[in-house]
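The data block below is final_3.pdb; it holds PDB, C-alpha atoms, pLDDT in the B column.
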```
ATOM      1  CA  MET A   1      60.435   4.075 114.517  1.00 56.00           C
ATOM      2  CA  ARG A   2      58.505   1.465 112.573  1.00 57.00           C
ATOM      3  CA  ARG A   3      55.208   0.231 113.941  1.00 61.00           C
ATOM      4  CA  PRO A   4      54.180  -3.407 113.643  1.00 61.00           C
ATOM      5  CA  SER A   5      51.836  -4.144 110.778  1.00 62.00           C
ATOM      6  CA  GLU A   6      48.136  -4.597 111.508  1.00 58.00           C
ATOM      7  CA  GLU A   7      48.484  -8.313 110.723  1.00 58.00           C
ATOM      8  CA  THR A   8      51.419  -8.761 113.110  1.00 58.00           C
ATOM      9  CA  ARG A   9      49.720  -6.799 115.892  1.00 58.00           C
ATOM     10  CA  THR A  10      46.483  -8.729 115.495  1.00 68.00           C
ATOM     11  CA  THR A  11      48.298 -12.074 115.464  1.00 69.00           C
ATOM     12  CA  GLY A  12      50.201 -11.201 118.652  1.00 70.00           C
ATOM     13  CA  GLU A  13      47.042 -10.007 120.378  1.00 73.00           C
ATOM     14  CA  LEU A  14      45.211 -13.186 119.415  1.00 70.00           C
ATOM     15  CA  LEU A  15      48.025 -15.359 120.773  1.00 74.00           C
ATOM     16  CA  ILE A  16      47.834 -13.552 124.089  1.00 74.00           C
ATOM     17  CA  GLN A  17      44.028 -13.556 124.288  1.00 74.00           C
ATOM     18  CA  GLU A  18      43.646 -17.255 123.471  1.00 72.00           C
ATOM     19  CA  GLN A  19      46.543 -18.674 125.505  1.00 81.00           C
ATOM     20  CA  LYS A  20      46.045 -20.796 128.600  1.00 90.00           C
ATOM     21  CA  PRO A  21      48.919 -22.064 130.736  1.00 91.00           C
ATOM     22  CA  GLU A  22      50.102 -25.511 129.739  1.00 91.00           C
ATOM     23  CA  GLY A  23      51.963 -28.195 131.602  1.00 93.00           C
ATOM     24  CA  PHE A  24      53.957 -31.132 130.359  1.00 92.00           C
ATOM     25  CA  LYS A  25      55.094 -34.396 131.860  1.00 92.00           C
ATOM     26  CA  ARG A  26      58.383 -34.306 133.721  1.00 89.00           C
ATOM     27  CA  GLN A  27      61.253 -36.155 132.089  1.00 87.00           C
ATOM     28  CA  GLU A  28      63.191 -36.852 135.293  1.00 83.00           C
ATOM     29  CA  ASN A  29      62.527 -37.908 138.864  1.00 83.00           C
ATOM     30  CA  THR A  30      64.948 -35.528 140.564  1.00 85.00           C
ATOM     31  CA  GLU A  31      63.374 -33.697 143.479  1.00 89.00           C
ATOM     32  CA  MET A  32      63.298 -30.015 142.684  1.00 92.00           C
ATOM     33  CA  PHE A  33      61.938 -26.649 143.684  1.00 94.00           C
ATOM     34  CA  ILE A  34      60.949 -24.382 140.782  1.00 95.00           C
ATOM     35  CA  ASN A  35      60.910 -20.593 141.103  1.00 98.00           C
ATOM     36  CA  ILE A  36      59.512 -18.407 138.292  1.00 98.00           C
ATOM     37  CA  VAL A  37      59.502 -14.601 138.401  1.00 98.00           C
ATOM     38  CA  PHE A  38      57.374 -12.530 136.040  1.00 97.00           C
ATOM     39  CA  PRO A  39      58.277  -8.874 136.735  1.00 96.00           C
ATOM     40  CA  GLU A  40      55.680  -7.119 134.568  1.00 95.00           C
ATOM     41  CA  LEU A  41      52.172  -8.350 135.379  1.00 97.00           C
ATOM     42  CA  THR A  42      49.547  -5.705 134.578  1.00 96.00           C
ATOM     43  CA  TRP A  43      45.763  -5.408 134.808  1.00 96.00           C
ATOM     44  CA  LYS A  44      43.158  -2.666 135.294  1.00 95.00           C
ATOM     45  CA  CYS A  45      41.409  -1.669 138.495  1.00 92.00           C
ATOM     46  CA  PRO A  46      37.672  -2.484 138.241  1.00 93.00           C
ATOM     47  CA  VAL A  47      36.759   0.629 140.268  1.00 93.00           C
ATOM     48  CA  ASN A  48      38.636   3.410 138.478  1.00 92.00           C
ATOM     49  CA  ALA A  49      40.195   1.694 135.412  1.00 92.00           C
ATOM     50  CA  TYR A  50      43.717   2.744 136.444  1.00 91.00           C
ATOM     51  CA  PRO A  51      46.399   0.234 135.499  1.00 93.00           C
ATOM     52  CA  ASP A  52      47.920  -1.871 138.254  1.00 94.00           C
ATOM     53  CA  PHE A  53      51.423  -3.333 138.071  1.00 95.00           C
ATOM     54  CA  ALA A  54      53.023  -6.182 139.975  1.00 97.00           C
ATOM     55  CA  LYS A  55      55.815  -8.685 140.069  1.00 98.00           C
ATOM     56  CA  ILE A  56      54.536 -12.235 140.485  1.00 98.00           C
ATOM     57  CA  THR A  57      56.674 -15.030 141.872  1.00 98.00           C
ATOM     58  CA  ILE A  58      55.482 -18.593 141.332  1.00 98.00           C
ATOM     59  CA  ARG A  59      57.153 -21.261 143.453  1.00 98.00           C
ATOM     60  CA  TYR A  60      56.276 -24.910 143.320  1.00 97.00           C
ATOM     61  CA  ILE A  61      57.410 -28.457 143.920  1.00 96.00           C
ATOM     62  CA  PRO A  62      56.297 -30.412 140.872  1.00 95.00           C
ATOM     63  CA  ASN A  63      54.453 -33.667 140.987  1.00 93.00           C
ATOM     64  CA  GLU A  64      54.150 -35.237 137.526  1.00 93.00           C
ATOM     65  CA  ARG A  65      53.803 -32.060 135.454  1.00 95.00           C
ATOM     66  CA  ILE A  66      55.722 -28.791 135.112  1.00 95.00           C
ATOM     67  CA  LEU A  67      54.727 -25.445 133.627  1.00 97.00           C
ATOM     68  CA  GLU A  68      55.569 -24.615 130.040  1.00 95.00           C
ATOM     69  CA  LEU A  69      57.045 -21.118 130.237  1.00 95.00           C
ATOM     70  CA  ARG A  70      56.000 -19.653 126.876  1.00 93.00           C
ATOM     71  CA  SER A  71      52.325 -20.433 127.446  1.00 93.00           C
ATOM     72  CA  LEU A  72      52.605 -19.077 130.995  1.00 96.00           C
ATOM     73  CA  LYS A  73      54.120 -15.807 129.736  1.00 94.00           C
ATOM     74  CA  LEU A  74      51.438 -15.303 127.093  1.00 92.00           C
ATOM     75  CA  TRP A  75      48.637 -16.165 129.526  1.00 94.00           C
ATOM     76  CA  LEU A  76      49.941 -13.764 132.179  1.00 96.00           C
ATOM     77  CA  ASN A  77      50.081 -11.034 129.528  1.00 93.00           C
ATOM     78  CA  SER A  78      46.368 -11.622 128.825  1.00 93.00           C
ATOM     79  CA  PHE A  79      45.473  -9.927 132.125  1.00 94.00           C
ATOM     80  CA  ARG A  80      46.632  -6.510 130.877  1.00 91.00           C
ATOM     81  CA  ASP A  81      43.169  -5.596 129.546  1.00 89.00           C
ATOM     82  CA  LYS A  82      41.094  -7.223 132.303  1.00 93.00           C
ATOM     83  CA  TYR A  83      39.276  -5.214 134.951  1.00 96.00           C
ATOM     84  CA  ILE A  84      39.964  -7.254 138.068  1.00 95.00           C
ATOM     85  CA  GLY A  85      40.798  -6.675 141.740  1.00 92.00           C
ATOM     86  CA  HIS A  86      44.050  -7.630 143.483  1.00 90.00           C
ATOM     87  CA  GLU A  87      42.608 -10.552 145.415  1.00 93.00           C
ATOM     88  CA  LYS A  88      40.695 -11.895 142.408  1.00 96.00           C
ATOM     89  CA  ILE A  89      43.700 -11.852 140.070  1.00 96.00           C
ATOM     90  CA  GLY A  90      45.829 -13.638 142.686  1.00 96.00           C
ATOM     91  CA  SER A  91      43.162 -16.288 143.217  1.00 97.00           C
ATOM     92  CA  GLU A  92      42.520 -16.775 139.487  1.00 96.00           C
ATOM     93  CA  ILE A  93      46.206 -17.218 138.707  1.00 97.00           C
ATOM     94  CA  PHE A  94      46.764 -19.603 141.612  1.00 98.00           C
ATOM     95  CA  GLU A  95      43.722 -21.804 140.949  1.00 98.00           C
ATOM     96  CA  THR A  96      44.395 -22.028 137.201  1.00 97.00           C
ATOM     97  CA  LEU A  97      48.032 -23.033 137.735  1.00 98.00           C
ATOM     98  CA  TRP A  98      47.089 -25.527 140.451  1.00 98.00           C
ATOM     99  CA  GLU A  99      44.568 -27.186 138.114  1.00 97.00           C
ATOM    100  CA  THR A 100      47.050 -27.172 135.214  1.00 96.00           C
ATOM    101  CA  ILE A 101      49.958 -28.972 136.914  1.00 97.00           C
ATOM    102  CA  SER A 102      48.659 -30.381 140.257  1.00 96.00           C
ATOM    103  CA  PRO A 103      51.925 -29.736 142.120  1.00 97.00           C
ATOM    104  CA  MET A 104      52.811 -31.191 145.515  1.00 96.00           C
ATOM    105  CA  TRP A 105      53.158 -27.639 146.840  1.00 97.00           C
ATOM    106  CA  MET A 106      52.740 -24.184 145.325  1.00 98.00           C
ATOM    107  CA  LYS A 107      52.982 -20.602 146.498  1.00 98.00           C
ATOM    108  CA  ILE A 108      52.439 -17.395 144.561  1.00 98.00           C
ATOM    109  CA  ILE A 109      53.472 -13.959 145.736  1.00 98.00           C
ATOM    110  CA  LEU A 110      51.885 -11.000 144.011  1.00 97.00           C
ATOM    111  CA  ASP A 111      54.088  -7.989 144.857  1.00 97.00           C
ATOM    112  CA  ILE A 112      51.883  -5.078 143.785  1.00 95.00           C
ATOM    113  CA  ASN A 113      53.462  -1.723 143.022  1.00 94.00           C
ATOM    114  CA  PRO A 114      52.404   1.076 145.366  1.00 92.00           C
ATOM    115  CA  ARG A 115      49.453   3.200 144.321  1.00 83.00           C
ATOM    116  CA  GLY A 116      48.112   5.973 146.513  1.00 82.00           C
ATOM    117  CA  ASN A 117      51.094   5.491 148.839  1.00 87.00           C
ATOM    118  CA  MET A 118      49.939   1.936 149.753  1.00 88.00           C
ATOM    119  CA  LYS A 119      51.939  -1.275 149.268  1.00 91.00           C
ATOM    120  CA  ASP A 120      50.034  -4.515 148.808  1.00 91.00           C
ATOM    121  CA  TYR A 121      51.010  -8.206 148.662  1.00 95.00           C
ATOM    122  CA  ILE A 122      48.791 -11.162 147.867  1.00 96.00           C
ATOM    123  CA  ILE A 123      50.265 -14.500 149.026  1.00 97.00           C
ATOM    124  CA  ILE A 124      48.538 -17.813 148.361  1.00 98.00           C
ATOM    125  CA  GLU A 125      49.984 -21.203 149.302  1.00 97.00           C
ATOM    126  CA  ARG A 126      48.718 -24.787 149.179  1.00 97.00           C
ATOM    127  CA  GLY A 127      50.103 -28.300 149.554  1.00 95.00           C
ATOM    128  CA  LYS A 128      52.908 -29.818 151.563  1.00 88.00           C
ATOM    129  CA  LYS A 129      56.605 -29.181 151.334  1.00 80.00           C
ATOM    130  CA  LYS A 130      58.790 -32.216 151.885  1.00 69.00           C
TER     131      LYS A 130
END
```

If you convert what's in this file into structure tokens, what do you get?
Amino acid sequence: MRRPSEETRTTGELLIQEQKPEGFKRQENTEMFINIVFPELTWKCPVNAYPDFAKITIRYIPNERILELRSLKLWLNSFRDKYIGHEKIGSEIFETLWETISPMWMKIILDINPRGNMKDYIIIERGKKK
């Protein structure tokens, strides 16, 4: 199996490290509910450095801006080398996305894989549904 070249690997890592989520102006006025699922969110536990894994669901009712999916994917991948707790990662993701697109309503569900026989969910919601 061929390994990526050092240049390719470094370029990919830089894209992930430097990416922030981006939004863009909506092109239509249709009322909509957007649901995004990212099944492979990873980060490291700040206490023992073990990797944590989760599925994150992002639901929102857009206002004037919507999320650009490529930048969102790269930004979410940037957490893989961060030492951060469950609650902090949920809060950081939610607040960053809220600031990026200012939706009418948004909810994130962080469905964390069991570790030590414990199942954990982080759910954050803000705004008003119509």

Determine the residue membership of the PyMOL selection byres ((chain A and resi 68) around 9) for the file above and supply it as a list in words.
Pro21, Glu22, Gly23, Phe24, Ile66, Leu67, Leu69, Arg70, Ser71, Leu72 and Lys73 of chain A

On this file, the PyMOL selection byres ((chain A and resi 82-88) around 10) gives some set of residues; write that set as an MDAnalysis selection string.
chainID A and resid 42:52 54 78:81 89:94 110 112 120:124

d(atom CA of A:Ile101, atom CA of A:Leu15) in Å
21.2 Å

Write out as a ChimeraX atom specification which residues come within 7 Å of A:Ile36 when counting all atoms listed in the file, dropping same-chain ones fewer than 3 positions away.
/A:57-59

Produce a file of the selected residues containing C-alpha atoms, as a PDB file, keeping the file's coordinate frame.
```pdb
ATOM      1  CA  THR A  57      56.674 -15.030 141.872  1.00 98.00           C
ATOM      2  CA  ILE A  58      55.482 -18.593 141.332  1.00 98.00           C
ATOM      3  CA  ARG A  59      57.153 -21.261 143.453  1.00 98.00           C
TER       4      ARG A  59
END
```

I'd like the neighbourhood of A:Glu40 as an MDAnalysis selection string, where a residue qualifies if any of its atoms comes within 8 Å (using all atoms listed in the file), though same-chain residues fewer than 6 positions away should be ignored.
chainID A and resid 53:56

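The gap separating atom CA of A:Glu125 from atom CA of A:Trp105 is 7.6 Å, in Å to one decimal.
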
Find the residue from A:Ile109, A:Leu76, A:Ile61, A:Glu95 that sits nearest to A:Gln19; use only C-alpha atoms when measuring.
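The answer is A:Leu76, which sits nearest to A:Gln19.
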
Minimum-distance residue to A:Phe33, chosen among A:Asn77, A:Ser102, A:Asn63, A:Asn117 (using all atoms listed in the file)
A:Asn63

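For the atom pair formed by atom CA of A:Leu41 and atom CA of A:Lys129, the distance is 26.6 Å, given to one decimal.
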
Do a neighbour search on A:Arg126 at 7 Å with all atoms listed in the file, toss out local chain neighbours closer than 2 positions, and write the hits as a list in words.
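Near neighbours after the sequence-gap exclusion: Trp105, Met106, Lys107 and Lys128 of chain A.
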
Selected residue, from A:Glu99, A:Glu64, A:Gly127, A:Asp111, that lies nearest to A:Pro39 when counting only C-alpha atoms
A:Asp111

Using all atoms listed in the file, which residues sit within 9 Å of A:Glu18 once same-chain residues fewer than 5 positions away are excluded, as a ChimeraX atom specification?
/A:13,74-75,78

Of the candidates A:Thr30, A:Tyr60, A:Ile16, A:Lys119, which shows the shortest atom-to-atom distance to A:Pro103, using only C-alpha atoms?
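Using only C-alpha atoms, A:Pro103 sits closest to A:Tyr60.
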
Emit a file covering stretch 52-65 of chain A of the preceding structure with all heavy atoms, as a PDB file, in the first residue's frame.
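The resulting file, selection.pdb, is reproduced below:
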```pdb
ATOM      1  N   ASP A  52     -11.473   9.874  22.075  1.00  0.00           N
ATOM      2  CA  ASP A  52     -12.926   9.791  22.192  1.00  0.00           C
ATOM      3  C   ASP A  52     -13.515   9.877  20.789  1.00  0.00           C
ATOM      4  O   ASP A  52     -12.952  10.543  19.911  1.00  0.00           O
ATOM      5  CB  ASP A  52     -13.477  10.930  23.053  1.00  0.00           C
ATOM      6  CG  ASP A  52     -13.349  10.641  24.544  1.00  0.00           C
ATOM      7  OD1 ASP A  52     -13.692   9.519  24.951  1.00  0.00           O
ATOM      8  OD2 ASP A  52     -12.918  11.532  25.282  1.00  0.00           O
ATOM      9  N   PHE A  53     -14.654   9.218  20.601  1.00  0.00           N
ATOM     10  CA  PHE A  53     -15.311   9.160  19.302  1.00  0.00           C
ATOM     11  C   PHE A  53     -16.785   9.487  19.476  1.00  0.00           C
ATOM     12  O   PHE A  53     -17.401   9.102  20.459  1.00  0.00           O
ATOM     13  CB  PHE A  53     -15.196   7.755  18.693  1.00  0.00           C
ATOM     14  CG  PHE A  53     -13.785   7.280  18.547  1.00  0.00           C
ATOM     15  CD1 PHE A  53     -13.145   6.613  19.588  1.00  0.00           C
ATOM     16  CD2 PHE A  53     -13.095   7.501  17.372  1.00  0.00           C
ATOM     17  CE1 PHE A  53     -11.829   6.175  19.462  1.00  0.00           C
ATOM     18  CE2 PHE A  53     -11.787   7.071  17.233  1.00  0.00           C
ATOM     19  CZ  PHE A  53     -11.158   6.400  18.282  1.00  0.00           C
ATOM     20  N   ALA A  54     -17.338  10.201  18.502  1.00  0.00           N
ATOM     21  CA  ALA A  54     -18.755  10.547  18.582  1.00  0.00           C
ATOM     22  C   ALA A  54     -19.326  10.783  17.195  1.00  0.00           C
ATOM     23  O   ALA A  54     -18.611  11.056  16.235  1.00  0.00           O
ATOM     24  CB  ALA A  54     -18.947  11.806  19.429  1.00  0.00           C
ATOM     25  N   LYS A  55     -20.633  10.694  17.152  1.00  0.00           N
ATOM     26  CA  LYS A  55     -21.388  11.149  15.979  1.00  0.00           C
ATOM     27  C   LYS A  55     -21.999  12.489  16.395  1.00  0.00           C
ATOM     28  O   LYS A  55     -22.583  12.598  17.463  1.00  0.00           O
ATOM     29  CB  LYS A  55     -22.491  10.157  15.623  1.00  0.00           C
ATOM     30  CG  LYS A  55     -23.401  10.649  14.499  1.00  0.00           C
ATOM     31  CD  LYS A  55     -24.436   9.603  14.129  1.00  0.00           C
ATOM     32  CE  LYS A  55     -25.618   9.701  15.056  1.00  0.00           C
ATOM     33  NZ  LYS A  55     -26.754   8.854  14.654  1.00  0.00           N
ATOM     34  N   ILE A  56     -21.850  13.503  15.561  1.00  0.00           N
ATOM     35  CA  ILE A  56     -22.472  14.786  15.861  1.00  0.00           C
ATOM     36  C   ILE A  56     -23.548  15.080  14.823  1.00  0.00           C
ATOM     37  O   ILE A  56     -23.336  14.898  13.622  1.00  0.00           O
ATOM     38  CB  ILE A  56     -21.450  15.944  15.955  1.00  0.00           C
ATOM     39  CG1 ILE A  56     -22.151  17.225  16.399  1.00  0.00           C
ATOM     40  CG2 ILE A  56     -20.693  16.137  14.661  1.00  0.00           C
ATOM     41  CD1 ILE A  56     -21.232  18.345  16.810  1.00  0.00           C
ATOM     42  N   THR A  57     -24.710  15.467  15.322  1.00  0.00           N
ATOM     43  CA  THR A  57     -25.811  15.880  14.460  1.00  0.00           C
ATOM     44  C   THR A  57     -26.024  17.366  14.677  1.00  0.00           C
ATOM     45  O   THR A  57     -26.151  17.822  15.815  1.00  0.00           O
ATOM     46  CB  THR A  57     -27.096  15.096  14.798  1.00  0.00           C
ATOM     47  OG1 THR A  57     -26.823  13.696  14.658  1.00  0.00           O
ATOM     48  CG2 THR A  57     -28.245  15.489  13.877  1.00  0.00           C
ATOM     49  N   ILE A  58     -26.048  18.110  13.591  1.00  0.00           N
ATOM     50  CA  ILE A  58     -26.251  19.557  13.629  1.00  0.00           C
ATOM     51  C   ILE A  58     -27.565  19.839  12.916  1.00  0.00           C
ATOM     52  O   ILE A  58     -27.717  19.523  11.736  1.00  0.00           O
ATOM     53  CB  ILE A  58     -25.094  20.300  12.927  1.00  0.00           C
ATOM     54  CG1 ILE A  58     -23.761  19.936  13.586  1.00  0.00           C
ATOM     55  CG2 ILE A  58     -25.345  21.806  12.910  1.00  0.00           C
ATOM     56  CD1 ILE A  58     -22.547  20.272  12.743  1.00  0.00           C
ATOM     57  N   ARG A  59     -28.507  20.406  13.636  1.00  0.00           N
ATOM     58  CA  ARG A  59     -29.817  20.736  13.074  1.00  0.00           C
ATOM     59  C   ARG A  59     -30.027  22.228  13.222  1.00  0.00           C
ATOM     60  O   ARG A  59     -29.781  22.777  14.294  1.00  0.00           O
ATOM     61  CB  ARG A  59     -30.919  19.985  13.810  1.00  0.00           C
ATOM     62  CG  ARG A  59     -30.806  18.498  13.689  1.00  0.00           C
ATOM     63  CD  ARG A  59     -31.833  17.791  14.515  1.00  0.00           C
ATOM     64  NE  ARG A  59     -31.734  16.358  14.257  1.00  0.00           N
ATOM     65  CZ  ARG A  59     -32.192  15.434  15.045  1.00  0.00           C
ATOM     66  NH1 ARG A  59     -32.815  15.758  16.164  1.00  0.00           N
ATOM     67  NH2 ARG A  59     -32.046  14.161  14.740  1.00  0.00           N
ATOM     68  N   TYR A  60     -30.499  22.856  12.164  1.00  0.00           N
ATOM     69  CA  TYR A  60     -30.762  24.284  12.289  1.00  0.00           C
ATOM     70  C   TYR A  60     -31.787  24.770  11.278  1.00  0.00           C
ATOM     71  O   TYR A  60     -32.023  24.140  10.249  1.00  0.00           O
ATOM     72  CB  TYR A  60     -29.473  25.101  12.203  1.00  0.00           C
ATOM     73  CG  TYR A  60     -28.782  25.140  10.855  1.00  0.00           C
ATOM     74  CD1 TYR A  60     -28.944  26.219  10.000  1.00  0.00           C
ATOM     75  CD2 TYR A  60     -27.926  24.117  10.458  1.00  0.00           C
ATOM     76  CE1 TYR A  60     -28.287  26.281   8.783  1.00  0.00           C
ATOM     77  CE2 TYR A  60     -27.266  24.163   9.253  1.00  0.00           C
ATOM     78  CZ  TYR A  60     -27.448  25.251   8.415  1.00  0.00           C
ATOM     79  OH  TYR A  60     -26.797  25.305   7.208  1.00  0.00           O
ATOM     80  N   ILE A  61     -32.411  25.880  11.648  1.00  0.00           N
ATOM     81  CA  ILE A  61     -33.294  26.612  10.739  1.00  0.00           C
ATOM     82  C   ILE A  61     -32.529  27.863  10.362  1.00  0.00           C
ATOM     83  O   ILE A  61     -32.242  28.710  11.218  1.00  0.00           O
ATOM     84  CB  ILE A  61     -34.638  26.958  11.403  1.00  0.00           C
ATOM     85  CG1 ILE A  61     -35.383  25.667  11.781  1.00  0.00           C
ATOM     86  CG2 ILE A  61     -35.490  27.831  10.474  1.00  0.00           C
ATOM     87  CD1 ILE A  61     -36.641  25.889  12.598  1.00  0.00           C
ATOM     88  N   PRO A  62     -32.133  27.973   9.093  1.00  0.00           N
ATOM     89  CA  PRO A  62     -31.284  29.097   8.705  1.00  0.00           C
ATOM     90  C   PRO A  62     -32.020  30.428   8.734  1.00  0.00           C
ATOM     91  O   PRO A  62     -33.232  30.491   8.576  1.00  0.00           O
ATOM     92  CB  PRO A  62     -30.841  28.737   7.285  1.00  0.00           C
ATOM     93  CG  PRO A  62     -31.850  27.785   6.786  1.00  0.00           C
ATOM     94  CD  PRO A  62     -32.427  27.083   7.982  1.00  0.00           C
ATOM     95  N   ASN A  63     -31.238  31.446   8.950  1.00  0.00           N
ATOM     96  CA  ASN A  63     -31.718  32.811   8.848  1.00  0.00           C
ATOM     97  C   ASN A  63     -31.268  33.325   7.483  1.00  0.00           C
ATOM     98  O   ASN A  63     -31.870  32.968   6.485  1.00  0.00           O
ATOM     99  CB  ASN A  63     -31.167  33.641  10.013  1.00  0.00           C
ATOM    100  CG  ASN A  63     -31.973  34.877  10.282  1.00  0.00           C
ATOM    101  OD1 ASN A  63     -32.912  35.177   9.560  1.00  0.00           O
ATOM    102  ND2 ASN A  63     -31.610  35.588  11.317  1.00  0.00           N
ATOM    103  N   GLU A  64     -30.186  34.067   7.426  1.00  0.00           N
ATOM    104  CA  GLU A  64     -29.689  34.571   6.143  1.00  0.00           C
ATOM    105  C   GLU A  64     -28.515  33.771   5.602  1.00  0.00           C
ATOM    106  O   GLU A  64     -28.176  33.882   4.439  1.00  0.00           O
ATOM    107  CB  GLU A  64     -29.279  36.034   6.301  1.00  0.00           C
ATOM    108  CG  GLU A  64     -30.441  36.948   6.607  1.00  0.00           C
ATOM    109  CD  GLU A  64     -30.015  38.392   6.786  1.00  0.00           C
ATOM    110  OE1 GLU A  64     -28.852  38.725   6.459  1.00  0.00           O
ATOM    111  OE2 GLU A  64     -30.844  39.186   7.243  1.00  0.00           O
ATOM    112  N   ARG A  65     -27.869  32.982   6.473  1.00  0.00           N
ATOM    113  CA  ARG A  65     -26.669  32.252   6.053  1.00  0.00           C
ATOM    114  C   ARG A  65     -26.827  30.760   6.331  1.00  0.00           C
ATOM    115  O   ARG A  65     -27.521  30.363   7.253  1.00  0.00           O
ATOM    116  CB  ARG A  65     -25.435  32.794   6.785  1.00  0.00           C
ATOM    117  CG  ARG A  65     -25.193  34.272   6.506  1.00  0.00           C
ATOM    118  CD  ARG A  65     -24.000  34.821   7.254  1.00  0.00           C
ATOM    119  NE  ARG A  65     -22.734  34.205   6.911  1.00  0.00           N
ATOM    120  CZ  ARG A  65     -22.039  34.448   5.794  1.00  0.00           C
ATOM    121  NH1 ARG A  65     -22.500  35.302   4.907  1.00  0.00           N
ATOM    122  NH2 ARG A  65     -20.881  33.842   5.572  1.00  0.00           N
TER     123      ARG A  65
END
```
